[in-house]
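Participant: One structure follows; several queries about it will come next.
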Amino acid sequence: MDSDGEFIRDFFVSDFMYDNDTPFTILVEDNELVVEPEYYRDYWKDREKSIRRIQKEVGLNDRRMLTCHGFAILSCKVLESLHDNYLLPNNLTYRDLLSIAPYEFSWYNMWLQKDRTIPIEFREPLVKIFHHKNHHMEYLQREITLQDISRGYIGIVINSNFSRKYGVVSYEDGDIYELSPREIYTLSCKIANSLLSTVKRVLRNLVSRVKKKRVITTTGES
């Protein structure tokens, strides 16, 4: 759990367990985030470097980068294996791991993929994460409600990495956000381009009407 998480519907053991002995494993590549310029610039590049470092440290050779951002489902068997078969032999502590790369769920996930301690039964994230304010505002602009989100997720996270400067942000609080200079510039460009497109369309329609009127007049005279 994270402190900025909020449950939005009832949840059950079956949401987390594949069977009586095996928890689901949350693993995704996040390709929709790597193609997003804002996320790629502000978060992805540093995050990828750290997680690739974890892969290398545990000896996992995989071109994919399968992990999760939070709200992982952890197995005590995997944690025991990480401790007994990786930490102790290498004279490491959990503090040492986080000093190498501060992504605790990725240490768990990469070790599980390397060690195969338990069967890996995939599941997509159970919690919708809004990584930056534009993610949040996009949902609000599309009029997506919490009830809509609850059809696919048991909870939401409005990431405190960006939201803490606005205080405690609830899902409906999109009107508290202030635009940055970059966002003001981008918005101004979008408005200008939209106005320019409208003017061009009006002029094209006007020219088309004038040409059509001339054709009709000429035809009438002949």
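Please note that chains go A, B, ... in the order of the structure tokens, that every chain numbers its residues from 1, and that ligands are numbered from 1 in the order shown.
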Find the residues near region 149-165 of chain A: any atom within 8 Å, counting only C-alpha atoms, skip ones fewer than 4 places away on the same chain, and give them as an mmCIF file with C-alpha atoms, in the first residue's frame.
Facilitator:
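Output file selection23.cif is given in full below:
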data_model
loop_
_atom_site.group_PDB
_atom_site.id
_atom_site.type_symbol
_atom_site.label_atom_id
_atom_site.label_comp_id
_atom_site.auth_asym_id
_atom_site.auth_seq_id
_atom_site.Cartn_x
_atom_site.Cartn_y
_atom_site.Cartn_z
ATOM 1 C CA ASP A 4 -1.675 8.310 -1.519
ATOM 2 C CA GLY A 5 -3.844 5.350 -2.542
ATOM 3 C CA GLU A 6 -7.624 5.299 -2.237
ATOM 4 C CA PHE A 7 -9.942 2.305 -2.619
ATOM 5 C CA ILE A 8 -12.990 3.044 -4.761
ATOM 6 C CA ARG A 9 -14.904 -0.240 -4.533
ATOM 7 C CA ASP A 10 -15.115 -3.407 -2.470
ATOM 8 C CA PHE A 11 -12.340 -5.927 -3.061
ATOM 9 C CA PRO A 125 -2.446 -3.346 -12.186
ATOM 10 C CA LEU A 126 -5.400 -3.276 -9.810
ATOM 11 C CA VAL A 127 -4.944 0.413 -9.039
ATOM 12 C CA LYS A 128 -5.169 3.269 -11.542
ATOM 13 C CA ILE A 129 -2.177 5.580 -11.117
ATOM 14 C CA PHE A 130 -2.235 9.200 -12.250
ATOM 15 C CA HIS A 131 1.490 9.824 -12.699
ATOM 16 C CA HIS A 132 1.199 13.558 -13.391
ATOM 17 C CA LYS A 133 -1.543 16.174 -13.360
ATOM 18 C CA HIS A 136 -5.646 13.364 -13.932
ATOM 19 C CA ILE A 144 -14.746 9.754 -16.491
ATOM 20 C CA THR A 145 -16.222 9.203 -13.042
ATOM 21 C CA VAL A 169 -5.857 16.042 -3.933
ATOM 22 C CA SER A 170 -9.037 14.060 -4.362
ATOM 23 C CA TYR A 171 -10.156 12.791 -7.742
#
Participant: Could you find all residues in region 86-143 of chain A that DSSP calls alpha helix (DSSP H) from the backbone, and write them as a PyMOL selection string?
Facilitator: chain A and resi 94-100+104-115+133-141
Participant: Using DSSP secondary structure from the backbone, list all strand (DSSP E) positions within region 120-220 of chain A, as an NGL selection string.
Facilitator: :A and (122-123 or 127-130 or 155-158)
Participant: Would you kindly return, as a ChimeraX atom specification, each protein, DNA or RNA residue with an atom no farther than 8 Å from any atom of region 33-50 of chain A, considering only C-alpha atoms and excluding same-chain residues fewer than 3 positions away?
Facilitator: /A:30,53-54,100-103,131-132
Participant: Given the selection you just returned, output its residues as a file containing C-alpha atoms, formatted as an mmCIF file, in the first residue's frame.
Facilitator:
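part.cif written:
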data_model
loop_
_atom_site.group_PDB
_atom_site.id
_atom_site.type_symbol
_atom_site.label_atom_id
_atom_site.label_comp_id
_atom_site.auth_asym_id
_atom_site.auth_seq_id
_atom_site.Cartn_x
_atom_site.Cartn_y
_atom_site.Cartn_z
ATOM 1 C CA ASP A 30 4.224 0.332 -19.585
ATOM 2 C CA ARG A 53 20.535 -1.901 -12.950
ATOM 3 C CA ILE A 54 18.364 -4.162 -10.779
ATOM 4 C CA ILE A 100 21.602 0.767 -5.576
ATOM 5 C CA ALA A 101 18.140 1.477 -7.012
ATOM 6 C CA PRO A 102 15.204 2.874 -4.980
ATOM 7 C CA TYR A 103 12.513 0.710 -6.551
ATOM 8 C CA HIS A 131 1.490 9.824 -12.699
ATOM 9 C CA HIS A 132 1.199 13.558 -13.391
#
Participant: What lies within 10 Å of Glu121 (chain A) using only C-alpha atoms, ignoring chain neighbours under 2 positions off, as an NGL selection string?
Facilitator: :A and (17-19 or 22-27 or 118-119 or 123)
Participant: Report the distance between CA of Asn61 (chain A) and CA of Trp111 (chain A) in Å, rounded to one decimal place.
Facilitator: 11.4 Å
